[in-house]
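Raw contents of model-v8.json, JSON, C-alpha atoms:
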```
[["chain", "number", "residue", "atom", "x", "y", "z"],
["A", 1, "MET", "CA", 33.16, 7.29, -23.12],
["A", 2, "LEU", "CA", 32.56, 9.71, -20.32],
["A", 3, "PHE", "CA", 29.15, 9.99, -18.74],
["A", 4, "PRO", "CA", 28.02, 13.19, -17.06],
["A", 5, "SER", "CA", 27.94, 13.09, -13.29],
["A", 6, "PRO", "CA", 24.45, 12.79, -11.79],
["A", 7, "PRO", "CA", 23.04, 16.05, -10.50],
["A", 8, "ARG", "CA", 23.75, 16.69, -6.84],
["A", 9, "ALA", "CA", 19.99, 16.75, -6.08],
["A", 10, "ALA", "CA", 19.57, 13.28, -7.57],
["A", 11, "LEU", "CA", 22.40, 11.90, -5.43],
["A", 12, "ALA", "CA", 20.82, 13.40, -2.34],
["A", 13, "ALA", "CA", 17.48, 11.82, -3.22],
["A", 14, "VAL", "CA", 19.07, 8.39, -3.65],
["A", 15, "ALA", "CA", 20.89, 8.71, -0.34],
["A", 16, "ALA", "CA", 17.72, 9.75, 1.43],
["A", 17, "LEU", "CA", 15.85, 6.79, -0.02],
["A", 18, "ALA", "CA", 18.56, 4.38, 1.08],
["A", 19, "LEU", "CA", 18.45, 5.73, 4.59],
["A", 20, "SER", "CA", 14.69, 6.11, 4.91],
["A", 21, "THR", "CA", 13.92, 2.58, 6.05],
["A", 22, "PRO", "CA", 16.30, 2.38, 9.02],
["A", 23, "LEU", "CA", 15.60, 6.00, 9.96],
["A", 24, "CYS", "CA", 11.88, 5.26, 9.98],
["A", 25, "ALA", "CA", 12.43, 2.68, 12.68],
["A", 26, "GLN", "CA", 14.95, 4.79, 14.59],
["A", 27, "GLN", "CA", 12.78, 7.92, 14.62],
["A", 28, "TYR", "CA", 9.52, 6.11, 15.45],
["A", 29, "PRO", "CA", 7.65, 7.16, 17.46],
["A", 30, "SER", "CA", 8.04, 10.91, 17.15],
["A", 31, "LYS", "CA", 4.60, 11.71, 18.61],
["A", 32, "PRO", "CA", 2.05, 9.99, 20.90],
["A", 33, "VAL", "CA", 0.65, 6.61, 19.84],
["A", 34, "LYS", "CA", -2.98, 5.58, 20.35],
["A", 35, "ILE", "CA", -3.89, 2.04, 21.36],
["A", 36, "LEU", "CA", -7.55, 1.39, 20.59],
["A", 37, "VAL", "CA", -9.48, -0.88, 22.95],
["A", 38, "GLY", "CA", -12.90, -2.20, 22.00],
["A", 39, "PHE", "CA", -14.19, -2.56, 25.54],
["A", 40, "ALA", "CA", -14.94, -0.33, 28.51],
["A", 41, "ALA", "CA", -12.29, 0.68, 31.03],
["A", 42, "GLY", "CA", -11.58, -1.89, 33.72],
["A", 43, "GLY", "CA", -12.02, -5.06, 31.67],
["A", 44, "GLY", "CA", -9.34, -7.58, 30.78],
["A", 45, "THR", "CA", -8.48, -6.06, 27.39],
["A", 46, "ASP", "CA", -8.34, -2.57, 28.87],
["A", 47, "LEU", "CA", -6.14, -3.53, 31.82],
["A", 48, "THR", "CA", -3.72, -5.40, 29.59],
["A", 49, "ALA", "CA", -3.58, -2.50, 27.13],
["A", 50, "ARG", "CA", -2.92, 0.04, 29.89],
["A", 51, "PHE", "CA", -0.06, -2.00, 31.28],
["A", 52, "ILE", "CA", 1.45, -2.35, 27.80],
["A", 53, "ALA", "CA", 0.94, 1.37, 27.10],
["A", 54, "ARG", "CA", 2.69, 2.38, 30.31],
["A", 55, "GLU", "CA", 5.67, 0.14, 29.67],
["A", 56, "LEU", "CA", 6.04, 1.15, 26.00],
["A", 57, "SER", "CA", 5.83, 4.83, 26.96],
["A", 58, "SER", "CA", 8.78, 4.34, 29.28],
["A", 59, "ALA", "CA", 10.78, 2.22, 26.84],
["A", 60, "MET", "CA", 10.20, 4.24, 23.65],
["A", 61, "GLY", "CA", 10.20, 7.82, 24.95],
["A", 62, "GLN", "CA", 6.75, 8.79, 23.69],
["A", 63, "GLN", "CA", 3.31, 8.48, 25.20],
["A", 64, "PHE", "CA", 1.24, 5.40, 24.32],
["A", 65, "VAL", "CA", -2.35, 6.32, 25.17],
["A", 66, "VAL", "CA", -5.28, 3.91, 25.49],
["A", 67, "GLU", "CA", -8.48, 5.04, 23.78],
["A", 68, "ASN", "CA", -11.59, 3.05, 24.67],
["A", 69, "LYS", "CA", -14.14, 2.59, 21.87],
["A", 70, "PRO", "CA", -16.58, 0.03, 23.30],
["A", 71, "GLY", "CA", -19.47, -1.51, 21.42],
["A", 72, "ALA", "CA", -20.44, -4.37, 19.10],
["A", 73, "GLY", "CA", -18.30, -6.85, 21.01],
["A", 74, "GLY", "CA", -15.17, -4.84, 20.29],
["A", 75, "SER", "CA", -15.80, -4.51, 16.56],
["A", 76, "ILE", "CA", -16.17, -0.70, 16.62],
["A", 77, "ALA", "CA", -12.56, -0.36, 17.74],
["A", 78, "PHE", "CA", -11.41, -3.17, 15.43],
["A", 79, "ALA", "CA", -12.93, -1.38, 12.42],
["A", 80, "ALA", "CA", -11.48, 1.99, 13.46],
["A", 81, "GLY", "CA", -8.05, 0.41, 13.77],
["A", 82, "ALA", "CA", -8.35, -1.14, 10.32],
["A", 83, "GLU", "CA", -9.24, 2.25, 8.81],
["A", 84, "ALA", "CA", -6.36, 4.14, 10.48],
["A", 85, "PRO", "CA", -3.35, 5.34, 8.47],
["A", 86, "PRO", "CA", -0.58, 2.70, 8.42],
["A", 87, "ASP", "CA", 1.96, 4.95, 10.10],
["A", 88, "GLY", "CA", 2.26, 3.24, 13.50],
["A", 89, "TYR", "CA", 0.42, 5.94, 15.44],
["A", 90, "THR", "CA", -2.83, 3.99, 15.78],
["A", 91, "LEU", "CA", -2.56, 0.44, 17.09],
["A", 92, "THR", "CA", -5.30, -1.87, 18.35],
["A", 93, "MET", "CA", -5.24, -4.21, 21.33],
["A", 94, "ILE", "CA", -7.32, -7.21, 20.32],
["A", 95, "SER", "CA", -8.57, -10.24, 22.19],
["A", 96, "VAL", "CA", -10.00, -13.55, 21.05],
["A", 97, "ALA", "CA", -13.22, -11.58, 20.39],
["A", 98, "TYR", "CA", -11.48, -10.39, 17.21],
["A", 99, "ALA", "CA", -11.69, -13.97, 15.91],
["A", 100, "VAL", "CA", -15.15, -14.68, 17.34],
["A", 101, "ASN", "CA", -17.05, -11.62, 16.07],
["A", 102, "PRO", "CA", -16.80, -12.25, 12.30],
["A", 103, "ALA", "CA", -18.52, -15.60, 12.84],
["A", 104, "ILE", "CA", -21.53, -13.91, 14.47],
["A", 105, "TYR", "CA", -21.74, -10.33, 13.23],
["A", 106, "LYS", "CA", -21.38, -8.59, 9.89],
["A", 107, "VAL", "CA", -18.14, -6.71, 10.51],
["A", 108, "LYS", "CA", -16.84, -3.79, 8.45],
["A", 109, "PHE", "CA", -13.34, -5.15, 7.99],
["A", 110, "ASP", "CA", -11.55, -8.26, 6.80],
["A", 111, "PRO", "CA", -9.98, -9.70, 9.98],
["A", 112, "MET", "CA", -6.99, -11.11, 8.08],
["A", 113, "ALA", "CA", -6.45, -8.81, 5.09],
["A", 114, "ASP", "CA", -7.08, -5.48, 6.82],
["A", 115, "MET", "CA", -4.53, -5.76, 9.60],
["A", 116, "THR", "CA", -0.83, -6.16, 10.26],
["A", 117, "PRO", "CA", -0.06, -8.48, 13.17],
["A", 118, "ILE", "CA", 2.57, -7.23, 15.60],
["A", 119, "MET", "CA", 2.61, -9.65, 18.53],
["A", 120, "GLN", "CA", 0.50, -11.77, 20.82],
["A", 121, "THR", "CA", 1.02, -10.41, 24.32],
["A", 122, "ALA", "CA", -0.85, -12.70, 26.70],
["A", 123, "GLN", "CA", -2.95, -15.82, 26.94],
["A", 124, "GLY", "CA", -4.81, -17.82, 29.54],
["A", 125, "PRO", "CA", -7.68, -20.22, 29.97],
["A", 126, "LEU", "CA", -11.26, -19.83, 30.95],
["A", 127, "ILE", "CA", -12.36, -21.75, 34.02],
["A", 128, "ILE", "CA", -15.43, -23.94, 34.53],
["A", 129, "VAL", "CA", -16.89, -23.75, 38.02],
["A", 130, "ALA", "CA", -19.92, -25.33, 39.67],
["A", 131, "ASN", "CA", -22.18, -24.55, 42.57],
["A", 132, "PRO", "CA", -20.88, -26.80, 45.39],
["A", 133, "LYS", "CA", -24.28, -28.48, 45.68],
["A", 134, "LEU", "CA", -24.04, -29.84, 42.14],
["A", 135, "PRO", "CA", -22.90, -33.48, 42.52],
["A", 136, "VAL", "CA", -19.93, -33.24, 40.15],
["A", 137, "LYS", "CA", -16.24, -32.69, 40.81],
["A", 138, "THR", "CA", -14.75, -33.60, 37.44],
["A", 139, "VAL", "CA", -15.47, -33.13, 33.76],
["A", 140, "LYS", "CA", -16.25, -36.86, 33.43],
["A", 141, "GLU", "CA", -18.86, -36.56, 36.19],
["A", 142, "LEU", "CA", -20.26, -33.43, 34.57],
["A", 143, "ILE", "CA", -20.62, -35.18, 31.22],
["A", 144, "ALA", "CA", -22.27, -38.20, 32.85],
["A", 145, "LEU", "CA", -24.79, -36.01, 34.70],
["A", 146, "ALA", "CA", -25.53, -33.95, 31.59],
["A", 147, "LYS", "CA", -26.19, -37.13, 29.61],
["A", 148, "ALA", "CA", -28.49, -38.41, 32.35],
["A", 149, "LYS", "CA", -30.37, -35.09, 32.41],
["A", 150, "PRO", "CA", -30.22, -33.73, 28.84],
["A", 151, "GLY", "CA", -30.97, -30.01, 28.70],
["A", 152, "GLN", "CA", -31.56, -29.74, 32.44],
["A", 153, "LEU", "CA", -28.15, -28.52, 33.61],
["A", 154, "SER", "CA", -27.78, -24.75, 33.28],
["A", 155, "TYR", "CA", -24.61, -22.78, 32.76],
["A", 156, "ALA", "CA", -24.04, -19.05, 33.11],
["A", 157, "THR", "CA", -21.74, -16.92, 30.96],
["A", 158, "PRO", "CA", -20.98, -13.18, 30.69],
["A", 159, "GLY", "CA", -23.06, -12.95, 27.52],
["A", 160, "GLN", "CA", -24.52, -14.46, 24.38],
["A", 161, "GLY", "CA", -21.95, -15.11, 21.68],
["A", 162, "GLY", "CA", -18.93, -14.40, 23.88],
["A", 163, "THR", "CA", -15.91, -16.65, 24.24],
["A", 164, "SER", "CA", -17.30, -18.26, 27.40],
["A", 165, "HIS", "CA", -20.56, -19.15, 25.63],
["A", 166, "LEU", "CA", -18.77, -20.62, 22.63],
["A", 167, "ALA", "CA", -16.31, -22.50, 24.86],
["A", 168, "ALA", "CA", -19.28, -24.16, 26.57],
["A", 169, "GLU", "CA", -20.89, -24.98, 23.23],
["A", 170, "LEU", "CA", -17.64, -26.46, 21.96],
["A", 171, "LEU", "CA", -17.46, -28.67, 25.06],
["A", 172, "SER", "CA", -21.06, -29.76, 24.59],
["A", 173, "SER", "CA", -20.41, -30.59, 20.95],
["A", 174, "MET", "CA", -17.23, -32.57, 21.62],
["A", 175, "ALA", "CA", -18.71, -34.41, 24.63],
["A", 176, "GLY", "CA", -22.10, -35.09, 23.03],
["A", 177, "ILE", "CA", -24.13, -33.35, 25.73],
["A", 178, "ARG", "CA", -26.80, -30.63, 25.86],
["A", 179, "MET", "CA", -26.97, -27.94, 28.52],
["A", 180, "ASN", "CA", -29.10, -24.82, 28.99],
["A", 181, "HIS", "CA", -27.32, -21.51, 28.42],
["A", 182, "ILE", "CA", -28.18, -18.57, 30.70],
["A", 183, "PRO", "CA", -26.45, -15.41, 29.40],
["A", 184, "TYR", "CA", -25.77, -12.45, 31.71],
["A", 185, "LYS", "CA", -24.57, -8.91, 31.15],
["A", 186, "GLY", "CA", -21.10, -9.53, 32.54],
["A", 187, "GLY", "CA", -19.11, -12.06, 34.49],
["A", 188, "ALA", "CA", -19.96, -10.77, 37.96],
["A", 189, "PRO", "CA", -23.73, -11.41, 37.81],
["A", 190, "ALA", "CA", -23.10, -14.79, 36.16],
["A", 191, "LEU", "CA", -20.91, -15.79, 39.10],
["A", 192, "THR", "CA", -23.34, -14.37, 41.66],
["A", 193, "ASP", "CA", -26.22, -16.48, 40.40],
["A", 194, "THR", "CA", -24.06, -19.60, 40.21],
["A", 195, "ILE", "CA", -23.01, -19.06, 43.82],
["A", 196, "ALA", "CA", -26.69, -18.63, 44.74],
["A", 197, "GLY", "CA", -27.64, -21.83, 42.91],
["A", 198, "GLN", "CA", -29.72, -20.10, 40.25],
["A", 199, "THR", "CA", -27.44, -21.74, 37.68],
["A", 200, "ASP", "CA", -25.46, -24.97, 38.03],
["A", 201, "LEU", "CA", -22.25, -23.97, 36.30],
["A", 202, "CYS", "CA", -20.38, -20.93, 35.08],
["A", 203, "PHE", "CA", -17.82, -20.52, 32.29],
["A", 204, "ASN", "CA", -15.80, -17.38, 33.00],
["A", 205, "VAL", "CA", -12.39, -15.72, 33.04],
["A", 206, "VAL", "CA", -10.00, -16.89, 35.72],
["A", 207, "SER", "CA", -9.24, -13.56, 37.42],
["A", 208, "GLY", "CA", -12.76, -12.81, 38.63],
["A", 209, "THR", "CA", -13.58, -16.42, 39.43],
["A", 210, "LEU", "CA", -10.67, -17.77, 41.46],
["A", 211, "PRO", "CA", -11.45, -15.77, 44.64],
["A", 212, "HIS", "CA", -14.82, -17.56, 44.83],
["A", 213, "VAL", "CA", -13.12, -20.92, 44.33],
["A", 214, "ARG", "CA", -10.63, -20.19, 47.09],
["A", 215, "SER", "CA", -13.42, -19.14, 49.44],
["A", 216, "GLY", "CA", -15.32, -22.36, 48.78],
["A", 217, "ARG", "CA", -18.35, -20.64, 47.29],
["A", 218, "LEU", "CA", -17.66, -22.30, 43.93],
["A", 219, "ARG", "CA", -16.00, -25.58, 42.95],
["A", 220, "ALA", "CA", -13.42, -25.56, 40.16],
["A", 221, "ILE", "CA", -14.09, -28.29, 37.62],
["A", 222, "ALA", "CA", -11.44, -27.59, 34.96],
["A", 223, "VAL", "CA", -9.57, -24.99, 32.95],
["A", 224, "THR", "CA", -9.95, -24.79, 29.19],
["A", 225, "SER", "CA", -6.29, -24.52, 28.16],
["A", 226, "ALA", "CA", -4.20, -27.41, 26.86],
["A", 227, "LYS", "CA", -1.97, -27.30, 29.96],
["A", 228, "ARG", "CA", -2.70, -26.63, 33.62],
["A", 229, "MET", "CA", -2.15, -23.15, 34.97],
["A", 230, "PRO", "CA", 1.21, -22.87, 36.74],
["A", 231, "SER", "CA", -0.42, -20.83, 39.51],
["A", 232, "GLU", "CA", -3.24, -23.39, 40.02],
["A", 233, "PRO", "CA", -1.66, -26.78, 39.33],
["A", 234, "ASP", "CA", -4.42, -28.70, 41.14],
["A", 235, "ILE", "CA", -7.10, -27.67, 38.64],
["A", 236, "PRO", "CA", -7.08, -30.13, 35.71],
["A", 237, "THR", "CA", -7.70, -29.30, 32.07],
["A", 238, "VAL", "CA", -10.80, -30.32, 30.14],
["A", 239, "ALA", "CA", -8.61, -32.23, 27.68],
["A", 240, "GLU", "CA", -7.04, -34.45, 30.33],
["A", 241, "SER", "CA", -10.39, -34.95, 32.07],
["A", 242, "GLY", "CA", -12.23, -36.80, 29.34],
["A", 243, "VAL", "CA", -12.40, -34.56, 26.25],
["A", 244, "PRO", "CA", -9.08, -35.03, 24.37],
["A", 245, "GLY", "CA", -8.18, -32.21, 22.01],
["A", 246, "TYR", "CA", -10.36, -29.61, 23.72],
["A", 247, "GLU", "CA", -8.62, -26.25, 24.02],
["A", 248, "VAL", "CA", -9.90, -22.69, 24.37],
["A", 249, "ASN", "CA", -7.66, -19.79, 25.29],
["A", 250, "GLN", "CA", -8.41, -16.18, 26.06],
["A", 251, "TRP", "CA", -5.65, -14.24, 24.33],
["A", 252, "TYR", "CA", -4.58, -10.66, 23.71],
["A", 253, "GLY", "CA", -2.31, -9.04, 21.19],
["A", 254, "VAL", "CA", -1.41, -5.89, 19.29],
["A", 255, "ILE", "CA", -2.11, -5.25, 15.62],
["A", 256, "GLY", "CA", -1.85, -2.33, 13.25],
["A", 257, "PRO", "CA", -3.68, -1.48, 10.04],
["A", 258, "LYS", "CA", -2.86, -3.11, 6.72],
["A", 259, "GLY", "CA", 0.39, -1.85, 5.23],
["A", 260, "LEU", "CA", 2.18, -1.01, 8.47],
["A", 261, "PRO", "CA", 5.90, -0.78, 7.56],
["A", 262, "ALA", "CA", 7.96, -3.83, 8.47],
["A", 263, "THR", "CA", 10.52, -1.67, 10.28],
["A", 264, "ILE", "CA", 7.87, -0.32, 12.65],
["A", 265, "VAL", "CA", 6.45, -3.81, 13.19],
["A", 266, "ALA", "CA", 9.92, -5.10, 14.06],
["A", 267, "ARG", "CA", 10.58, -2.21, 16.46],
["A", 268, "LEU", "CA", 7.29, -2.71, 18.29],
["A", 269, "ASN", "CA", 7.69, -6.48, 18.39],
["A", 270, "GLY", "CA", 11.15, -6.09, 19.88],
["A", 271, "GLU", "CA", 10.04, -3.61, 22.54],
["A", 272, "LEU", "CA", 7.00, -5.69, 23.46],
["A", 273, "THR", "CA", 9.20, -8.76, 23.81],
["A", 274, "LYS", "CA", 11.43, -6.91, 26.28],
["A", 275, "VAL", "CA", 8.42, -5.71, 28.28],
["A", 276, "LEU", "CA", 6.88, -9.16, 28.52],
["A", 277, "GLU", "CA", 10.13, -10.74, 29.70],
["A", 278, "THR", "CA", 10.08, -8.70, 32.92],
["A", 279, "ARG", "CA", 8.96, -10.02, 36.29],
["A", 280, "GLU", "CA", 6.57, -7.07, 36.56],
["A", 281, "ALA", "CA", 4.77, -8.23, 33.41],
["A", 282, "ALA", "CA", 4.54, -11.78, 34.69],
["A", 283, "ASP", "CA", 3.13, -10.60, 38.03],
["A", 284, "HIS", "CA", 0.64, -8.23, 36.42],
["A", 285, "LEU", "CA", -0.68, -10.84, 34.01],
["A", 286, "ARG", "CA", -0.79, -13.56, 36.66],
["A", 287, "ASN", "CA", -3.19, -11.37, 38.63],
["A", 288, "GLU", "CA", -5.46, -11.43, 35.57],
["A", 289, "GLY", "CA", -5.20, -15.22, 35.23],
["A", 290, "LEU", "CA", -2.90, -14.85, 32.22],
["A", 291, "LEU", "CA", 0.62, -15.69, 31.15],
["A", 292, "PRO", "CA", 2.93, -13.53, 29.02],
["A", 293, "ALA", "CA", 3.06, -14.55, 25.37],
["A", 294, "SER", "CA", 5.45, -13.56, 22.65],
["A", 295, "GLY", "CA", 6.51, -14.67, 19.19],
["A", 296, "THR", "CA", 6.70, -13.34, 15.67],
["A", 297, "PRO", "CA", 4.05, -11.45, 13.72],
["A", 298, "ASP", "CA", 3.60, -14.52, 11.51],
["A", 299, "GLN", "CA", 2.92, -16.70, 14.55],
["A", 300, "PHE", "CA", 0.28, -14.25, 15.73],
["A", 301, "ARG", "CA", -1.29, -14.19, 12.27],
["A", 302, "ALA", "CA", -1.48, -18.01, 12.33],
["A", 303, "LEU", "CA", -3.19, -17.97, 15.75],
["A", 304, "ILE", "CA", -5.81, -15.47, 14.56],
["A", 305, "GLY", "CA", -6.47, -17.51, 11.42],
["A", 306, "LYS", "CA", -6.81, -20.74, 13.39],
["A", 307, "ASP", "CA", -9.33, -19.22, 15.81],
["A", 308, "LEU", "CA", -11.31, -17.60, 13.01],
["A", 309, "GLU", "CA", -11.86, -21.06, 11.52],
["A", 310, "LEU", "CA", -12.61, -22.69, 14.89],
["A", 311, "TRP", "CA", -15.27, -20.21, 15.99],
["A", 312, "ARG", "CA", -16.86, -19.99, 12.55],
["A", 313, "LYS", "CA", -17.41, -23.75, 12.71],
["A", 314, "VAL", "CA", -18.78, -23.66, 16.27],
["A", 315, "VAL", "CA", -21.18, -20.81, 15.45],
["A", 316, "THR", "CA", -22.38, -22.62, 12.32],
["A", 317, "ASP", "CA", -22.85, -25.89, 14.17],
["A", 318, "ILE", "CA", -25.03, -24.35, 16.89],
["A", 319, "GLY", "CA", -26.88, -22.02, 14.52],
["A", 320, "LEU", "CA", -26.08, -18.91, 16.57],
["A", 321, "LYS", "CA", -27.42, -15.66, 15.13],
["A", 322, "ALA", "CA", -26.67, -12.07, 16.13],
["A", 323, "GLU", "CA", -29.41, -10.60, 18.28]]
```
Using the file provided, produce a representation of the structure as structure tokens.
Amino acid sequence: MLFPSPPRAALAAVAALALSTPLCAQQYPSKPVKILVGFAAGGGTDLTARFIARELSSAMGQQFVVENKPGAGGSIAFAAGAEAPPDGYTLTMISVAYAVNPAIYKVKFDPMADMTPIMQTAQGPLIIVANPKLPVKTVKELIALAKAKPGQLSYATPGQGGTSHLAAELLSSMAGIRMNHIPYKGGAPALTDTIAGQTDLCFNVVSGTLPHVRSGRLRAIAVTSAKRMPSEPDIPTVAESGVPGYEVNQWYGVIGPKGLPATIVARLNGELTKVLETREAADHLRNEGLLPASGTPDQFRALIGKDLELWRKVVTDIGLKAE
């Protein structure tokens, strides 16, 4: 039995469908790509995003443009990214705040279901520093003093409900101590008052803090990562200094909206991997107290999920409410 040949138009449609997936990746991007940032220009997330945007623009032949949408601890940009079309032309640079915010605020997106992970790009610890007049040099000494003076030691952070605040609360919970939180509107004033002795300690990002440690105006007690910083090997970790299992990392990464095609995810992941393997990337991130990160989208999804659970528990335990 002879069957009629398929119409030429049908054959063309089948061929186009077969080729559409690889062509999607090959042709992307064909116009400028926005990278949303939930914080003001000049901060850690913004600087990391601008470096990534510059390098991807060079590597992929189209402009990657940072768009700052500050507010609500980054959640305005996170929500806008979740609502964007899943075509690869709106990406979002997220930080650990993406995992912290849902524990504190009522956000307008599902942090797991409404995104497509692309890649973690950087990570690094926070650093705990003390006014030099405080009679502690180690975490063990800090814990002993805090237990001897419950609620009397004060610590500064860049703000209520931020990663630094929750890192301090996690330490207090794991060590069985109680300290007095003094929130500031940014890391710089928190450091200034710790240097002046208005507060005893400060939990802050490494980049803005290390110059004060090197000048002797502040004493480094520990970093919050599981391993010591390669650039500062003399500063111990909290975990090795008396609180086993303690780990808090500041991290950054790129996500897209739910439904982003796998071919585009793979292309971006591959280009980001190449960027982060360069010496220039390592030098840039080191200046921010960070290390390049990489990995698969699934690994990044697992990290986000793990931190969502961690910070939800910490927030619940301390009874923190949005102001």
Quiz item: Using all atoms listed in the file, which of A:Val96, A:Gly319, A:Gly216, A:Pro135 sits nearest Gly305 of chain A?
Solution: A:Val96
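Here the question is which of A:Phe203, A:Phe51, A:Tyr28, A:Phe109 gets nearest to Asp87 of chain A using only C-alpha atoms, and that residue is A:Tyr28.
Taking atom CA of Gln123 of chain A as the reference point, atom CA of Pro233 of chain A is found at 16.6 Å.
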Exercise. Quick one: everything within 7 Å of Tyr252 of chain A, counting all atoms listed in the file, minus sequence neighbours fewer than 5 positions away in the same chain. Send it as a list in words.
Key: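 So, after excluding close chain neighbours, the residues are Met93, Ile94, Ser95, Val96, Gln120, Thr121, Ala122 and Gln123 of chain A.
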Quiz item: For the point (-17.6, -17.3, 28.9) in file coordinates, what residues are within 8 Å, counting all atoms listed in the file? Give the answer as a ChimeraX atom specification?
Solution: /A:126,156-159,162-168,187,202-205
Could those residues be written to a file, using C-alpha atoms, as a tab-separated table (two decimals), in the coordinates of the input?
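Saved as selection-v7.tsv:
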```
chain	number	residue	atom	x	y	z
A	126	LEU	CA	-11.26	-19.83	30.95
A	156	ALA	CA	-24.04	-19.05	33.11
A	157	THR	CA	-21.74	-16.92	30.96
A	158	PRO	CA	-20.98	-13.18	30.69
A	159	GLY	CA	-23.06	-12.95	27.52
A	162	GLY	CA	-18.93	-14.40	23.88
A	163	THR	CA	-15.91	-16.65	24.24
A	164	SER	CA	-17.30	-18.26	27.40
A	165	HIS	CA	-20.56	-19.15	25.63
A	166	LEU	CA	-18.77	-20.62	22.63
A	167	ALA	CA	-16.31	-22.50	24.86
A	168	ALA	CA	-19.28	-24.16	26.57
A	187	GLY	CA	-19.11	-12.06	34.49
A	202	CYS	CA	-20.38	-20.93	35.08
A	203	PHE	CA	-17.82	-20.52	32.29
A	204	ASN	CA	-15.80	-17.38	33.00
A	205	VAL	CA	-12.39	-15.72	33.04
```
Self-check item: Polymer residues at most 9 Å from (-13.4, -13.1, 20.8) by all atoms listed in the file, as a PyMOL selection string
Solution: chain A and resi 73-74+94-101+161-163+250-251+307+311
Quiz prompt | Residue contacts of Arg312 of chain A (9 Å, all atoms listed in the file) excluding same-chain residues fewer than 2 positions away, as a list in words | solution = Ala99, Val100, Pro102, Ala103, Ile104, Asp307, Leu308, Glu309, Leu310, Val314, Val315, Thr316 and Asp317 of chain A
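Rounded to one decimal, atom CA of Tyr184 of chain A and atom CA of Asp46 of chain A lie 20.2 Å from each other.
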Practice problem: Name all residues at most 7 Å from Leu36 of chain A (count all atoms listed in the file; drop same-chain ones fewer than 3 positions away) and give them as a list in words. | Solution: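 After dropping sequence-adjacent residues, the list is Val66, Glu67, Asn68, Lys69, Ala77, Gly81, Leu91, Thr92 and Met93 of chain A.
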Self-check item: Of the listed residues A:Ile35, A:Val136, A:Glu232, A:Val213, that which approaches Arg54 of chain A most closely, counting only C-alpha atoms
Solution: A:Ile35
Practice problem: Select, from A:Gly71, A:Gly61, A:Gly42, A:Pro111, the residue with the minimum atom-to-atom distance to Lys306 of chain A, counting all atoms listed in the file. | Solution: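 Closest candidate: A:Pro111.
The residue set within 10 Å of Gln160 of chain A, counting all atoms listed in the file and dropping same-chain residues fewer than 5 places from it, reads His165, Leu166, His181, Ile182, Pro183, Tyr184, Lys185, Leu320, Lys321, Ala322 and Glu323 of chain A.
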Quiz item: Between A:Ala53, A:Ile304, A:Leu276, A:Pro244, which one has atoms that come closest to Pro292 of chain A, using all atoms listed in the file?
Solution: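 For Pro292 of chain A, the nearest of the given residues is A:Leu276.
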Exercise. Do a neighbour search on segment 141-149 of chain A at 10 Å with all atoms listed in the file, toss out local chain neighbours closer than 3 positions, and write the hits as a list in words.
Key: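 The contact residues come out as Ala130, Leu134, Pro135, Val136, Lys137, Thr138, Gln152, Leu153, Ser154, Leu171, Ser172, Ala175, Gly176, Ile177, Arg178, Met179, Leu201, Ile221, Ser241, Gly242 and Val243 of chain A.
Of the residues under consideration (A:Gly38, A:Gly208, A:Pro125, A:Pro297), A:Pro297 shows the shortest atom-to-atom contact distance to Ala262 of chain A when counting only C-alpha atoms.
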Quiz item: So how far away is atom CA of Gly88 of chain A from atom CA of His284 of chain A, in Å?
Solution: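 Rounded to one decimal, the two atoms are 25.7 Å apart.
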Give me the segment 124-151 of chain A side of the contact with segment 189-192 of chain A, cut-off 12 Å, one line per residue showing its nearest atom pair and distance in Å at one decimal, counting all atoms listed in the file, sorted by chain and residue number, as a tab-separated table.
```
residue	atom	partner	partner_atom	distance
A:Ile127	CA	A:Leu191	CA	11.6
A:Ile128	CA	A:Leu191	CA	10.8
A:Val129	CA	A:Leu191	CA	9.0
A:Ala130	CA	A:Leu191	CA	9.6
A:Asn131	CA	A:Leu191	CA	9.5
```
Quick one: segment 182-189 of chain A with N, CA and C atoms, as a CSV table (one decimal), in the coordinates of the input?
```csv
chain,number,residue,atom,x,y,z
A,182,ILE,N,-27.6,-19.7,30.1
A,182,ILE,CA,-28.2,-18.6,30.7
A,182,ILE,C,-27.2,-17.4,30.6
A,183,PRO,N,-27.4,-16.5,29.6
A,183,PRO,CA,-26.4,-15.4,29.4
A,183,PRO,C,-26.7,-14.3,30.4
A,184,TYR,N,-25.7,-13.6,30.8
A,184,TYR,CA,-25.8,-12.4,31.7
A,184,TYR,C,-25.1,-11.3,31.1
A,185,LYS,N,-25.3,-10.1,31.6
A,185,LYS,CA,-24.6,-8.9,31.2
A,185,LYS,C,-23.3,-8.7,32.0
A,186,GLY,N,-22.4,-9.6,31.8
A,186,GLY,CA,-21.1,-9.5,32.5
A,186,GLY,C,-20.8,-10.8,33.4
A,187,GLY,N,-19.5,-10.9,33.7
A,187,GLY,CA,-19.1,-12.1,34.5
A,187,GLY,C,-19.6,-12.0,35.9
A,188,ALA,N,-19.6,-10.8,36.5
A,188,ALA,CA,-20.0,-10.8,38.0
A,188,ALA,C,-21.4,-11.3,38.3
A,189,PRO,N,-22.4,-10.9,37.5
A,189,PRO,CA,-23.7,-11.4,37.8
A,189,PRO,C,-23.9,-12.9,37.5
```
